[in-house]
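With mmCIF, C-alpha atoms inside, this is structure_13.cif:
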```cif
data_start
#
loop_
_atom_site.label_atom_id
_atom_site.label_comp_id
_atom_site.auth_asym_id
_atom_site.auth_seq_id
_atom_site.Cartn_x
_atom_site.Cartn_y
_atom_site.Cartn_z
CA MET A 16 0.00 0.00 0.00
CA GLY A 17 1.46 3.34 -1.08
CA ARG A 18 0.86 6.78 -2.48
CA TYR A 19 2.46 7.31 -5.85
CA LYS A 20 3.00 10.50 -7.81
CA ILE A 21 2.56 9.77 -11.52
CA LYS A 22 3.60 11.99 -14.44
CA ALA A 23 1.11 12.32 -17.30
CA PHE A 24 1.88 13.10 -20.95
CA GLY A 25 -0.08 13.49 -24.15
CA ILE A 26 -3.65 12.28 -23.96
CA THR A 27 -3.18 11.03 -20.37
CA LYS A 28 -2.56 14.65 -19.33
CA ASP A 29 -6.04 15.48 -20.65
CA ILE A 30 -7.58 12.41 -18.99
CA VAL A 31 -6.18 13.09 -15.50
CA GLY A 32 -6.51 16.85 -15.92
CA GLY A 33 -2.87 17.84 -15.36
CA ARG A 34 0.81 17.02 -15.70
CA GLU A 35 0.75 14.86 -12.59
CA THR A 36 -1.63 12.83 -10.47
CA VAL A 37 -1.39 10.91 -7.22
CA VAL A 38 -2.88 7.45 -6.70
CA GLU A 39 -3.14 5.09 -3.75
CA VAL A 40 -2.02 1.59 -4.73
CA GLU A 41 -2.74 -1.71 -2.96
CA GLY A 42 0.61 -3.39 -3.54
CA ASN A 43 3.90 -2.35 -5.08
CA THR A 44 3.94 -3.55 -8.69
CA VAL A 45 3.36 -1.79 -11.99
CA SER A 46 0.41 -4.10 -12.56
CA GLU A 47 -1.28 -2.96 -9.33
CA LEU A 48 -0.46 0.67 -10.08
CA ARG A 49 -2.12 0.32 -13.48
CA LEU A 50 -5.31 -1.06 -11.86
CA SER A 51 -5.45 1.90 -9.46
CA LEU A 52 -4.93 4.39 -12.27
CA GLN A 53 -7.63 2.78 -14.41
CA GLY A 54 -10.01 2.66 -11.42
CA LYS A 55 -9.52 6.37 -10.75
CA TYR A 56 -9.52 7.38 -14.45
CA PRO A 57 -11.66 4.99 -16.55
CA GLY A 58 -10.72 7.06 -19.64
CA LEU A 59 -7.29 5.40 -19.52
CA THR A 60 -8.85 2.07 -20.56
CA THR A 61 -9.90 3.54 -23.92
CA LEU A 62 -6.29 4.02 -25.04
CA LYS A 63 -4.67 1.84 -27.69
CA SER A 64 -1.95 1.08 -25.14
CA LEU A 65 -0.61 2.42 -21.86
CA PHE A 66 2.92 1.70 -20.74
CA ILE A 67 4.34 2.65 -17.38
CA ALA A 68 7.86 4.05 -17.15
CA VAL A 69 9.86 3.77 -13.96
CA ASN A 70 12.93 5.97 -13.60
CA ASN A 71 12.98 6.86 -17.29
CA ALA A 72 12.70 3.32 -18.64
CA TYR A 73 9.80 1.17 -19.80
CA ALA A 74 8.76 -1.16 -16.96
CA ASP A 75 6.99 -4.50 -17.24
CA GLU A 76 3.96 -5.53 -15.20
CA GLN A 77 6.01 -7.30 -12.50
CA THR A 78 8.36 -4.39 -11.85
CA ALA A 79 8.34 -3.34 -8.18
CA ILE A 80 7.87 0.35 -7.51
CA LYS A 81 8.79 2.60 -4.60
CA GLU A 82 7.19 5.91 -3.68
CA THR A 83 10.50 7.65 -4.46
CA ASP A 84 10.65 6.33 -8.04
CA GLU A 85 9.95 8.65 -10.95
CA ILE A 86 6.88 7.05 -12.50
CA ALA A 87 5.12 8.10 -15.70
CA MET A 88 2.22 7.03 -17.89
CA ILE A 89 3.24 6.49 -21.51
CA PRO A 90 0.24 6.50 -23.88
CA PRO A 91 0.88 5.51 -27.55
CA VAL A 92 3.85 7.56 -28.74
CA SER A 93 3.63 9.59 -31.95
CA GLY A 94 6.92 11.41 -32.36
CA GLY A 95 8.64 12.05 -35.66
CA MET B 7 34.19 7.67 -94.35
CA GLY B 8 34.30 10.82 -92.25
CA ARG B 9 36.26 13.01 -89.89
CA TYR B 10 34.81 13.14 -86.39
CA LYS B 11 35.61 15.44 -83.51
CA ILE B 12 35.38 13.48 -80.25
CA LYS B 13 35.22 14.90 -76.72
CA ALA B 14 37.35 13.16 -74.08
CA PHE B 15 36.75 13.02 -70.32
CA GLY B 16 38.42 11.49 -67.30
CA ILE B 17 41.06 8.93 -68.15
CA THR B 18 40.37 9.21 -71.90
CA LYS B 19 41.53 12.83 -71.72
CA ASP B 20 44.90 11.57 -70.46
CA ILE B 21 45.01 8.82 -73.12
CA VAL B 22 44.33 11.10 -76.09
CA GLY B 23 46.28 13.97 -74.55
CA GLY B 24 43.53 16.60 -74.51
CA ARG B 25 39.87 17.44 -74.16
CA GLU B 26 39.16 16.59 -77.79
CA THR B 27 40.57 14.49 -80.60
CA VAL B 28 39.75 14.00 -84.26
CA VAL B 29 39.56 10.59 -85.94
CA GLU B 30 38.97 9.39 -89.48
CA VAL B 31 36.32 6.66 -89.56
CA GLU B 32 35.62 4.12 -92.33
CA GLY B 33 31.86 4.03 -92.06
CA ASN B 34 29.28 5.92 -90.02
CA THR B 35 28.41 3.81 -86.98
CA VAL B 36 29.47 4.01 -83.35
CA SER B 37 31.02 0.57 -83.74
CA GLU B 38 33.27 1.76 -86.58
CA LEU B 39 34.13 4.94 -84.68
CA ARG B 40 35.19 2.83 -81.70
CA LEU B 41 37.54 0.77 -83.91
CA SER B 42 39.15 3.93 -85.26
CA LEU B 43 39.60 5.37 -81.76
CA GLN B 44 41.10 2.15 -80.45
CA GLY B 45 43.41 1.92 -83.50
CA LYS B 46 44.71 5.43 -82.95
CA TYR B 47 44.84 5.15 -79.10
CA PRO B 48 45.51 1.54 -78.02
CA GLY B 49 45.36 2.72 -74.38
CA LEU B 50 41.56 2.91 -74.77
CA THR B 51 41.39 -0.91 -74.95
CA THR B 52 42.72 -1.18 -71.38
CA LEU B 53 39.62 0.51 -69.90
CA LYS B 54 37.01 -1.45 -67.96
CA SER B 55 34.43 -0.07 -70.42
CA LEU B 56 34.11 2.69 -73.00
CA PHE B 57 30.73 4.01 -74.03
CA ILE B 58 30.15 6.49 -76.80
CA ALA B 59 27.65 9.31 -76.32
CA VAL B 60 26.00 10.96 -79.30
CA ASN B 61 24.27 14.29 -78.71
CA ASN B 62 24.34 13.91 -74.92
CA ALA B 63 22.90 10.39 -74.75
CA TYR B 64 24.43 6.93 -74.57
CA ALA B 65 24.54 5.41 -78.06
CA ASP B 66 24.61 1.73 -78.97
CA GLU B 67 27.03 0.15 -81.44
CA GLN B 68 24.62 0.41 -84.39
CA THR B 69 23.85 4.10 -83.94
CA ALA B 70 24.63 6.11 -87.10
CA ILE B 71 26.75 9.22 -86.59
CA LYS B 72 27.15 12.42 -88.57
CA GLU B 73 30.13 14.75 -88.52
CA THR B 74 27.93 17.45 -87.02
CA ASP B 75 26.90 15.31 -84.03
CA GLU B 76 28.33 16.03 -80.59
CA ILE B 77 30.24 12.84 -79.85
CA ALA B 78 32.02 11.93 -76.63
CA MET B 79 33.95 9.05 -75.10
CA ILE B 80 32.52 7.94 -71.76
CA PRO B 81 35.00 5.87 -69.73
CA PRO B 82 33.71 4.17 -66.52
CA VAL B 83 31.91 6.84 -64.53
CA SER B 84 32.75 7.45 -60.87
CA GLY B 85 30.59 10.32 -59.67
CA GLY B 86 29.10 10.58 -56.24
CA MET C 13 24.43 14.56 -30.32
CA ILE C 14 20.87 14.00 -29.16
CA GLN C 15 18.63 17.00 -28.74
CA ILE C 16 15.03 17.80 -27.82
CA THR C 17 14.48 21.44 -28.66
CA GLU C 18 11.86 24.18 -28.69
CA HIS C 19 13.75 26.06 -31.40
CA ASN C 20 13.98 25.66 -35.17
CA ILE C 21 16.22 22.75 -36.11
CA ASN C 22 19.30 23.81 -38.06
CA ILE C 23 19.72 20.94 -40.54
CA GLU C 24 23.27 21.90 -41.54
CA GLU C 25 24.31 21.81 -37.86
CA ILE C 26 22.85 18.31 -37.37
CA VAL C 27 24.58 17.08 -40.54
CA LYS C 28 27.90 18.53 -39.33
CA ALA C 29 27.48 16.87 -35.93
CA ALA C 30 26.97 13.48 -37.64
CA SER C 31 29.76 13.84 -40.23
CA ARG C 32 33.18 12.21 -39.87
CA HIS C 33 36.21 12.53 -42.12
CA GLU C 34 36.50 8.72 -42.27
CA ALA C 35 32.88 8.49 -43.47
CA GLY C 36 32.00 8.72 -47.15
CA ALA C 37 28.23 8.74 -46.68
CA VAL C 38 25.76 10.72 -44.65
CA ASN C 39 22.06 9.93 -44.72
CA VAL C 40 19.60 12.39 -43.29
CA PHE C 41 15.91 11.94 -42.63
CA ILE C 42 13.83 15.06 -42.11
CA GLY C 43 10.28 14.77 -40.88
CA THR C 44 8.19 17.83 -41.67
CA VAL C 45 4.69 18.91 -40.75
CA ARG C 46 2.28 18.14 -43.59
CA ASN C 47 -0.46 20.62 -44.42
CA HIS C 48 -3.06 17.87 -44.59
CA THR C 49 -3.58 14.35 -43.25
CA LYS C 50 -6.56 12.04 -43.84
CA GLY C 51 -8.20 14.78 -45.87
CA ARG C 52 -8.07 17.28 -43.01
CA ASN C 53 -6.42 20.69 -43.22
CA VAL C 54 -3.74 20.77 -40.55
CA LEU C 55 -3.44 24.10 -38.72
CA ARG C 56 -0.63 23.08 -36.35
CA LEU C 57 0.93 20.23 -34.44
CA GLU C 58 1.70 20.38 -30.73
CA TYR C 59 4.63 18.16 -29.75
CA GLU C 60 5.38 17.11 -26.20
CA ALA C 61 8.22 14.97 -24.89
CA TYR C 62 9.08 13.19 -21.67
CA GLU C 63 12.48 14.68 -22.17
CA ALA C 64 14.84 12.73 -19.90
CA MET C 65 13.32 9.41 -20.93
CA ALA C 66 13.15 10.39 -24.61
CA ILE C 67 16.86 11.12 -24.66
CA SER C 68 17.63 7.89 -22.85
CA GLU C 69 15.46 5.87 -25.28
CA ILE C 70 17.04 7.55 -28.31
CA LYS C 71 20.50 6.69 -26.89
CA LYS C 72 19.49 3.02 -26.71
CA ILE C 73 18.41 3.10 -30.37
CA VAL C 74 21.66 4.76 -31.43
CA ASP C 75 23.72 2.23 -29.44
CA GLU C 76 21.92 -0.60 -31.22
CA ALA C 77 22.52 1.04 -34.62
CA ILE C 78 26.23 1.44 -33.80
CA LEU C 79 26.42 -2.27 -33.01
CA ARG C 80 24.51 -3.39 -36.13
CA TRP C 81 25.98 -1.08 -38.77
CA SER C 82 29.33 0.65 -39.04
CA LEU C 83 27.95 3.90 -37.72
CA LEU C 84 30.69 6.51 -37.36
CA GLY C 85 28.58 9.50 -36.40
CA CYS C 86 24.97 10.15 -35.49
CA ALA C 87 22.98 13.24 -34.57
CA ILE C 88 19.29 13.47 -33.78
CA SER C 89 17.15 16.50 -33.05
CA HIS C 90 13.43 16.50 -32.26
CA ARG C 91 11.26 19.59 -31.93
CA VAL C 92 8.72 20.14 -29.18
CA GLY C 93 6.12 22.87 -28.89
CA VAL C 94 3.83 24.28 -31.55
CA LEU C 95 4.74 23.59 -35.20
CA THR C 96 3.01 24.78 -38.34
CA PRO C 97 2.92 23.06 -41.76
CA GLY C 98 6.28 23.01 -43.52
CA GLU C 99 8.27 23.15 -40.28
CA VAL C 100 10.86 20.50 -39.45
CA ALA C 101 9.79 18.20 -36.60
CA VAL C 102 12.69 15.76 -36.53
CA VAL C 103 16.10 15.30 -38.12
CA VAL C 104 18.12 12.09 -37.98
CA ALA C 105 21.60 12.11 -39.53
CA VAL C 106 24.04 9.20 -39.62
CA SER C 107 27.42 8.76 -41.25
CA THR C 108 28.97 5.47 -42.35
CA PRO C 109 31.96 4.44 -44.47
CA HIS C 110 29.69 3.06 -47.22
CA ARG C 111 26.41 4.38 -48.44
CA ALA C 112 24.05 1.40 -48.23
CA ASP C 113 24.59 1.23 -44.45
CA SER C 114 23.77 4.93 -44.09
CA PHE C 115 20.28 4.37 -45.56
CA THR C 116 19.59 1.23 -43.52
CA ALA C 117 20.81 2.69 -40.23
CA CYS C 118 18.97 6.00 -40.65
CA GLN C 119 15.71 4.23 -41.51
CA PHE C 120 16.10 1.89 -38.53
CA ILE C 121 16.61 4.85 -36.20
CA ILE C 122 13.61 6.88 -37.36
CA ASP C 123 11.33 3.80 -37.52
CA THR C 124 12.31 2.74 -34.00
CA LEU C 125 12.15 6.30 -32.66
CA LYS C 126 8.55 6.53 -33.85
CA GLN C 127 7.67 3.29 -32.07
CA GLN C 128 9.50 3.68 -28.77
CA VAL C 129 10.46 7.20 -27.86
CA PRO C 130 8.09 9.04 -25.48
CA ILE C 131 7.14 11.97 -27.69
CA TRP C 132 3.55 12.81 -28.55
CA LYS C 133 1.88 15.00 -31.09
CA LYS C 134 -1.55 16.54 -31.04
CA GLU C 135 -2.87 17.50 -34.44
CA VAL C 136 -4.97 20.62 -34.53
CA PHE C 137 -6.99 20.66 -37.74
CA GLU C 138 -9.90 22.70 -39.05
CA GLY C 139 -12.75 21.73 -36.76
CA GLY C 140 -10.99 19.74 -34.07
CA GLU C 141 -7.92 18.24 -32.51
CA GLU C 142 -6.56 14.75 -31.83
CA TRP C 143 -3.66 13.11 -30.01
CA ILE C 144 -2.25 11.04 -32.88
CA SER C 145 -2.46 7.23 -32.48
CA ALA C 146 -3.77 7.50 -28.91
CA THR C 147 -7.09 5.70 -29.32
CA PRO C 148 -8.16 2.83 -31.60
CA MET D 4 16.57 21.44 -59.30
CA ILE D 5 19.57 19.72 -60.83
CA GLN D 6 22.94 21.38 -60.45
CA ILE D 7 26.57 20.71 -61.35
CA THR D 8 28.63 23.24 -59.45
CA GLU D 9 32.20 24.36 -58.78
CA HIS D 10 31.14 25.92 -55.49
CA ASN D 11 30.47 24.52 -52.02
CA ILE D 12 27.10 22.81 -51.87
CA ASN D 13 24.68 24.44 -49.45
CA ILE D 14 22.83 21.46 -47.97
CA GLU D 15 20.02 23.53 -46.46
CA GLU D 16 19.34 25.07 -49.89
CA ILE D 17 19.11 21.65 -51.56
CA VAL D 18 16.77 20.41 -48.82
CA LYS D 19 14.56 23.49 -49.26
CA ALA D 20 14.44 22.97 -53.02
CA ALA D 21 13.25 19.37 -52.51
CA SER D 22 10.72 20.09 -49.73
CA ARG D 23 6.99 20.40 -50.32
CA HIS D 24 4.23 21.29 -47.87
CA GLU D 25 2.29 18.19 -48.90
CA ALA D 26 5.32 16.01 -48.12
CA GLY D 27 5.92 14.65 -44.63
CA ALA D 28 9.31 13.13 -45.34
CA VAL D 29 12.56 14.31 -46.84
CA ASN D 30 15.48 11.97 -47.30
CA VAL D 31 18.89 13.38 -48.06
CA PHE D 32 22.02 11.55 -49.11
CA ILE D 33 25.31 13.40 -48.78
CA GLY D 34 28.45 11.95 -50.29
CA THR D 35 31.62 13.35 -48.75
CA VAL D 36 35.30 12.97 -49.55
CA ARG D 37 36.90 10.36 -47.29
CA ASN D 38 40.38 10.95 -45.94
CA HIS D 39 41.45 7.43 -46.83
CA THR D 40 40.43 4.64 -49.23
CA LYS D 41 42.02 1.21 -49.65
CA GLY D 42 44.54 2.13 -46.97
CA ARG D 43 45.76 5.19 -48.88
CA ASN D 44 45.81 8.71 -47.50
CA VAL D 45 43.65 10.82 -49.80
CA LEU D 46 45.01 14.32 -50.45
CA ARG D 47 42.24 15.46 -52.79
CA LEU D 48 39.72 14.37 -55.40
CA GLU D 49 39.38 16.00 -58.79
CA TYR D 50 35.87 15.76 -60.21
CA GLU D 51 35.01 16.34 -63.84
CA ALA D 52 31.61 16.21 -65.53
CA TYR D 53 30.30 16.11 -69.08
CA GLU D 54 27.90 18.73 -67.87
CA ALA D 55 25.10 18.85 -70.45
CA MET D 56 24.88 15.07 -70.65
CA ALA D 57 25.20 14.67 -66.86
CA ILE D 58 22.21 16.95 -66.31
CA SER D 59 20.21 15.14 -68.99
CA GLU D 60 21.05 11.71 -67.48
CA ILE D 61 20.16 12.89 -63.96
CA LYS D 62 16.81 14.16 -65.32
CA LYS D 63 16.08 10.68 -66.71
CA ILE D 64 16.79 9.12 -63.31
CA VAL D 65 14.57 11.64 -61.53
CA ASP D 66 11.77 11.07 -64.06
CA GLU D 67 11.94 7.33 -63.40
CA ALA D 68 11.89 7.91 -59.63
CA ILE D 69 8.82 10.17 -59.99
CA LEU D 70 7.05 7.37 -61.89
CA ARG D 71 8.02 4.61 -59.45
CA TRP D 72 7.53 6.37 -56.10
CA SER D 73 5.31 9.26 -55.05
CA LEU D 74 8.10 11.77 -55.38
CA LEU D 75 6.84 15.29 -54.69
CA GLY D 76 10.13 17.15 -54.81
CA CYS D 77 13.70 16.36 -55.75
CA ALA D 78 16.93 18.35 -55.79
CA ILE D 79 20.38 17.13 -56.74
CA SER D 80 23.70 18.95 -56.65
CA HIS D 81 27.08 17.52 -57.67
CA ARG D 82 30.42 19.26 -57.18
CA VAL D 83 33.13 19.42 -59.81
CA GLY D 84 36.70 20.63 -59.44
CA VAL D 85 39.16 19.97 -56.64
CA LEU D 86 37.76 18.66 -53.33
CA THR D 87 39.60 17.88 -50.11
CA PRO D 88 38.64 15.34 -47.43
CA GLY D 89 35.49 16.25 -45.53
CA GLU D 90 34.02 18.28 -48.39
CA VAL D 91 30.60 17.47 -49.82
CA ALA D 92 30.74 15.96 -53.32
CA VAL D 93 27.07 15.23 -53.92
CA VAL D 94 23.71 15.87 -52.30
CA VAL D 95 20.47 14.13 -53.30
CA ALA D 96 17.27 15.22 -51.55
CA VAL D 97 13.78 13.85 -52.20
CA SER D 98 10.46 14.48 -50.54
CA THR D 99 7.52 12.07 -50.42
CA PRO D 100 4.24 11.88 -48.51
CA HIS D 101 5.44 8.86 -46.51
CA ARG D 102 8.87 8.11 -45.20
CA ALA D 103 9.64 4.61 -46.52
CA ASP D 104 9.38 5.91 -50.11
CA SER D 105 11.78 8.74 -49.34
CA PHE D 106 14.52 6.26 -48.40
CA THR D 107 13.89 3.97 -51.37
CA ALA D 108 13.72 6.77 -53.94
CA CYS D 109 16.80 8.58 -52.63
CA GLN D 110 18.85 5.38 -52.62
CA PHE D 111 17.68 4.52 -56.14
CA ILE D 112 18.74 7.95 -57.38
CA ILE D 113 22.24 7.95 -55.86
CA ASP D 114 22.86 4.30 -56.86
CA THR D 115 21.78 4.96 -60.46
CA LEU D 116 23.63 8.28 -60.60
CA LYS D 117 26.85 6.50 -59.67
CA GLN D 118 26.31 3.93 -62.44
CA GLN D 119 25.13 6.11 -65.30
CA VAL D 120 25.90 9.79 -64.98
CA PRO D 121 29.02 11.00 -66.83
CA ILE D 122 31.01 12.34 -63.90
CA TRP D 123 34.51 11.16 -63.10
CA LYS D 124 36.79 11.47 -60.14
CA LYS D 125 40.54 11.23 -59.94
CA GLU D 126 41.88 10.38 -56.53
CA VAL D 127 45.15 12.02 -55.62
CA PHE D 128 46.72 10.16 -52.72
CA GLU D 129 50.14 10.15 -51.07
CA GLY D 130 52.44 8.78 -53.75
CA GLY D 131 50.16 8.72 -56.79
CA GLU D 132 46.85 9.34 -58.48
CA GLU D 133 44.14 7.24 -60.14
CA TRP D 134 40.97 7.73 -62.15
CA ILE D 135 38.56 5.75 -59.98
CA SER D 136 37.07 2.58 -61.58
CA ALA D 137 38.64 3.33 -64.97
CA THR D 138 40.75 0.20 -65.39
CA PRO D 139 40.25 -3.40 -64.22
#
```
Would you put the structure from the file into structure tokens?
Amino acid sequence: MGRYKIKAFGITKDIVGGRETVVEVEGNTVSELRLSLQGKYPGLTTLKSLFIAVNNAYADEQTAIKETDEIAMIPPVSGG
Amino acid sequence: MGRYKIKAFGITKDIVGGRETVVEVEGNTVSELRLSLQGKYPGLTTLKSLFIAVNNAYADEQTAIKETDEIAMIPPVSGG
Amino acid sequence: MIQITEHNINIEEIVKAASRHEAGAVNVFIGTVRNHTKGRNVLRLEYEAYEAMAISEIKKIVDEAILRWSLLGCAISHRVGVLTPGEVAVVVAVSTPHRADSFTACQFIIDTLKQQVPIWKKEVFEGGEEWISATP
Amino acid sequence: MIQITEHNINIEEIVKAASRHEAGAVNVFIGTVRNHTKGRNVLRLEYEAYEAMAISEIKKIVDEAILRWSLLGCAISHRVGVLTPGEVAVVVAVSTPHRADSFTACQFIIDTLKQQVPIWKKEVFEGGEEWISATP
């Protein structure tokens, strides 16, 4: 159980209404974080994909997170 | 039978000793012109290839030439 | 040289940064803002990057390209902020000893950048706006 | 725009000449003078062109590229005269709506240019000189 500050970019910024949001998570994995985010912001489930980055790198579902990590939502990228 | 002025580029300029040469040709085809050139300048036979251009386009061996045509020797190209 | 910038990209500067005297070939890809997509008139694009991660992801792509091809130099610049049609959004330049590798490596980098690097664009067209590729 | 020139090639100018507002992609190939080839130290290259025919042959290549890919713009500049290592010998820039075509078309043009266009280079290296590709 923890309180995580999550950065938002692109369409996720519009969905959460700002550059950052805070969620309470039951557990300490990316997978559990994702469930909390989707519970709080159902709009996130409409995206083509949603990756989570931990400390500036793509994380997989089993990655453990700490409250001090830099965590970000990565909706489908469209650079170039 | 005719007298043809031929432009020379790249290594052919060194072989004929100038930017232009004049050859007498028995006949009026590129093929016969080539024989005359190679007779006068045996060094031309050592090239990897030697195309003849007539009026700014590659000509084939059967192409008929006139003394008023712009004719050039095209040794292997190496632009770029 | 890897750069995320709010300013106009100077193509000549990126090419210079990628060039090497031992290299005979430089390939450059320039992505520009089109004035229409899917039949819509594009007014502007708004680019946003997760900058620290974007630079780190681009570095990974470049490292892979160095391993796979004989990359001698590489420079990449990506714009963020508001861009209008005709403006340069991204420049990728690579130099290699021989030219075929320069094409292959440059195409690999831009293709992979578009798939992996956390940069987003919102298209603002006549009558609406859309985060590109975000929803099915 | 097709150009044979004795002056430095301005890459930005060639890119501009090839760019179109309907195009999203520009690919640019830049051939530069290497400081060594086959283990020899290159002092300079001397380029010579049969200019009228070179321009006409480049036009044929561009026309074929326009037919085969969705080429929107194309600009080509080739240097002649004396060039030293690091200098730009040739620039080919093409613009297309989508990026894969820009790579394919640009590579086709430079590959075909090197095979067909009457331009020659003499390499002057430490201890000698050679017309490149002239003899077996």
Open item on the list: Residues near Lys62 in chain D, anyone? I mean within 12 Å using only C-alpha atoms, not counting same-chain ones fewer than 3 positions away, as number ranges by chain.
Closed with: B: 63; D: 4-6, 55-59, 65-69, 77-79, 112, 115-116, 119-120
Task: Interface list for chain D, partner chain A, 12 Å threshold, all atoms listed in the file, as a PyMOL selection string - done: chain D and resi 27-28+101-102
Selection result of the PyMOL selection byres ((chain D and resi 123) around 10) on this file, as a short mmCIF file (atom, residue, chain, number, x, y, z; two decimals) with C-alpha atoms, keeping the file's coordinate frame:
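What ended up in selection_30.cif:
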```cif
data_model
loop_
_atom_site.label_atom_id
_atom_site.label_comp_id
_atom_site.auth_asym_id
_atom_site.auth_seq_id
_atom_site.Cartn_x
_atom_site.Cartn_y
_atom_site.Cartn_z
CA PHE B 15 36.75 13.02 -70.32
CA GLY B 16 38.42 11.49 -67.30
CA ILE B 17 41.06 8.93 -68.15
CA ILE B 80 32.52 7.94 -71.76
CA PRO B 81 35.00 5.87 -69.73
CA PRO B 82 33.71 4.17 -66.52
CA VAL B 83 31.91 6.84 -64.53
CA SER B 84 32.75 7.45 -60.87
CA GLY B 85 30.59 10.32 -59.67
CA GLY B 86 29.10 10.58 -56.24
CA LEU D 48 39.72 14.37 -55.40
CA GLU D 49 39.38 16.00 -58.79
CA TYR D 50 35.87 15.76 -60.21
CA GLU D 51 35.01 16.34 -63.84
CA ALA D 52 31.61 16.21 -65.53
CA TYR D 53 30.30 16.11 -69.08
CA VAL D 83 33.13 19.42 -59.81
CA LYS D 117 26.85 6.50 -59.67
CA VAL D 120 25.90 9.79 -64.98
CA PRO D 121 29.02 11.00 -66.83
CA ILE D 122 31.01 12.34 -63.90
CA LYS D 124 36.79 11.47 -60.14
CA LYS D 125 40.54 11.23 -59.94
CA GLU D 126 41.88 10.38 -56.53
CA TRP D 134 40.97 7.73 -62.15
CA ILE D 135 38.56 5.75 -59.98
CA SER D 136 37.07 2.58 -61.58
CA ALA D 137 38.64 3.33 -64.97
#
```
TODO: Give me, please, the distance in Å between CA of Thr107 in chain D and CA of Ala105 in chain C, quoted to one decimal.
DONE: 16.3 Å
Task: Interatomic distance (Å, one decimal) between CA of Thr147 in chain C and CA of Thr78 in chain A - done: 25.4 Å
Task: Expected answer as a PyMOL selection string: chain D residues within 6 Å of chain C, only C-alpha atoms - done: chain D and resi 24-38+89
Write out chain B, as a compact mmCIF listing (two decimals) with C-alpha atoms, keeping the file's coordinate frame, after superposing it onto chain A by least squares using every C-alpha atom paired in order.
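And here is the file that came out, out-v2.txt:
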```
# COMPACT_ATOMS: atom_id res chain seq x y z
CA MET B 7 -0.02 -0.02 -0.06
CA GLY B 8 1.45 3.32 -1.07
CA ARG B 9 0.86 6.77 -2.47
CA TYR B 10 2.47 7.32 -5.86
CA LYS B 11 3.00 10.50 -7.81
CA ILE B 12 2.56 9.78 -11.52
CA LYS B 13 3.60 12.00 -14.44
CA ALA B 14 1.12 12.31 -17.31
CA PHE B 15 1.87 13.10 -20.96
CA GLY B 16 -0.08 13.51 -24.17
CA ILE B 17 -3.65 12.28 -23.95
CA THR B 18 -3.18 11.04 -20.37
CA LYS B 19 -2.58 14.64 -19.32
CA ASP B 20 -6.05 15.49 -20.64
CA ILE B 21 -7.58 12.40 -18.97
CA VAL B 22 -6.17 13.08 -15.50
CA GLY B 23 -6.51 16.84 -15.92
CA GLY B 24 -2.88 17.83 -15.35
CA ARG B 25 0.79 17.00 -15.71
CA GLU B 26 0.77 14.84 -12.59
CA THR B 27 -1.63 12.84 -10.47
CA VAL B 28 -1.39 10.92 -7.22
CA VAL B 29 -2.87 7.45 -6.70
CA GLU B 30 -3.15 5.08 -3.77
CA VAL B 31 -2.02 1.58 -4.75
CA GLU B 32 -2.73 -1.73 -2.97
CA GLY B 33 0.60 -3.40 -3.55
CA ASN B 34 3.89 -2.34 -5.09
CA THR B 35 3.94 -3.55 -8.70
CA VAL B 36 3.36 -1.77 -11.99
CA SER B 37 0.40 -4.08 -12.57
CA GLU B 38 -1.28 -2.97 -9.33
CA LEU B 39 -0.48 0.68 -10.08
CA ARG B 40 -2.15 0.31 -13.47
CA LEU B 41 -5.33 -1.05 -11.84
CA SER B 42 -5.44 1.90 -9.45
CA LEU B 43 -4.94 4.40 -12.28
CA GLN B 44 -7.62 2.78 -14.41
CA GLY B 45 -10.01 2.67 -11.41
CA LYS B 46 -9.55 6.36 -10.74
CA TYR B 47 -9.51 7.39 -14.46
CA PRO B 48 -11.65 5.00 -16.55
CA GLY B 49 -10.72 7.06 -19.65
CA LEU B 50 -7.28 5.39 -19.52
CA THR B 51 -8.85 2.06 -20.55
CA THR B 52 -9.89 3.54 -23.91
CA LEU B 53 -6.27 4.03 -25.03
CA LYS B 54 -4.68 1.83 -27.68
CA SER B 55 -1.94 1.06 -25.12
CA LEU B 56 -0.61 2.43 -21.84
CA PHE B 57 2.92 1.70 -20.72
CA ILE B 58 4.34 2.65 -17.37
CA ALA B 59 7.87 4.05 -17.14
CA VAL B 60 9.86 3.76 -13.94
CA ASN B 61 12.94 5.96 -13.60
CA ASN B 62 12.98 6.86 -17.30
CA ALA B 63 12.70 3.32 -18.67
CA TYR B 64 9.80 1.16 -19.79
CA ALA B 65 8.77 -1.15 -16.95
CA ASP B 66 6.99 -4.49 -17.23
CA GLU B 67 3.94 -5.50 -15.19
CA GLN B 68 5.99 -7.28 -12.50
CA THR B 69 8.36 -4.40 -11.84
CA ALA B 70 8.33 -3.35 -8.16
CA ILE B 71 7.88 0.37 -7.52
CA LYS B 72 8.81 2.61 -4.61
CA GLU B 73 7.20 5.91 -3.70
CA THR B 74 10.48 7.66 -4.46
CA ASP B 75 10.66 6.34 -8.03
CA GLU B 76 9.96 8.65 -10.96
CA ILE B 77 6.89 7.06 -12.50
CA ALA B 78 5.13 8.10 -15.70
CA MET B 79 2.23 7.03 -17.89
CA ILE B 80 3.25 6.50 -21.51
CA PRO B 81 0.27 6.51 -23.88
CA PRO B 82 0.89 5.51 -27.55
CA VAL B 83 3.84 7.56 -28.75
CA SER B 84 3.63 9.59 -31.96
CA GLY B 85 6.93 11.41 -32.37
CA GLY B 86 8.63 12.03 -35.66
```
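Going from CA of Gly17 in chain A over to CA of Leu62 in chain A, you cover 25.2 Å.
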Task: the PyMOL selection byres ((chain A and resi 74) around 12) resolved against shown file, as a PyMOL selection string - done: chain A and resi 44-46+48-49+65-73+75-80+84-89
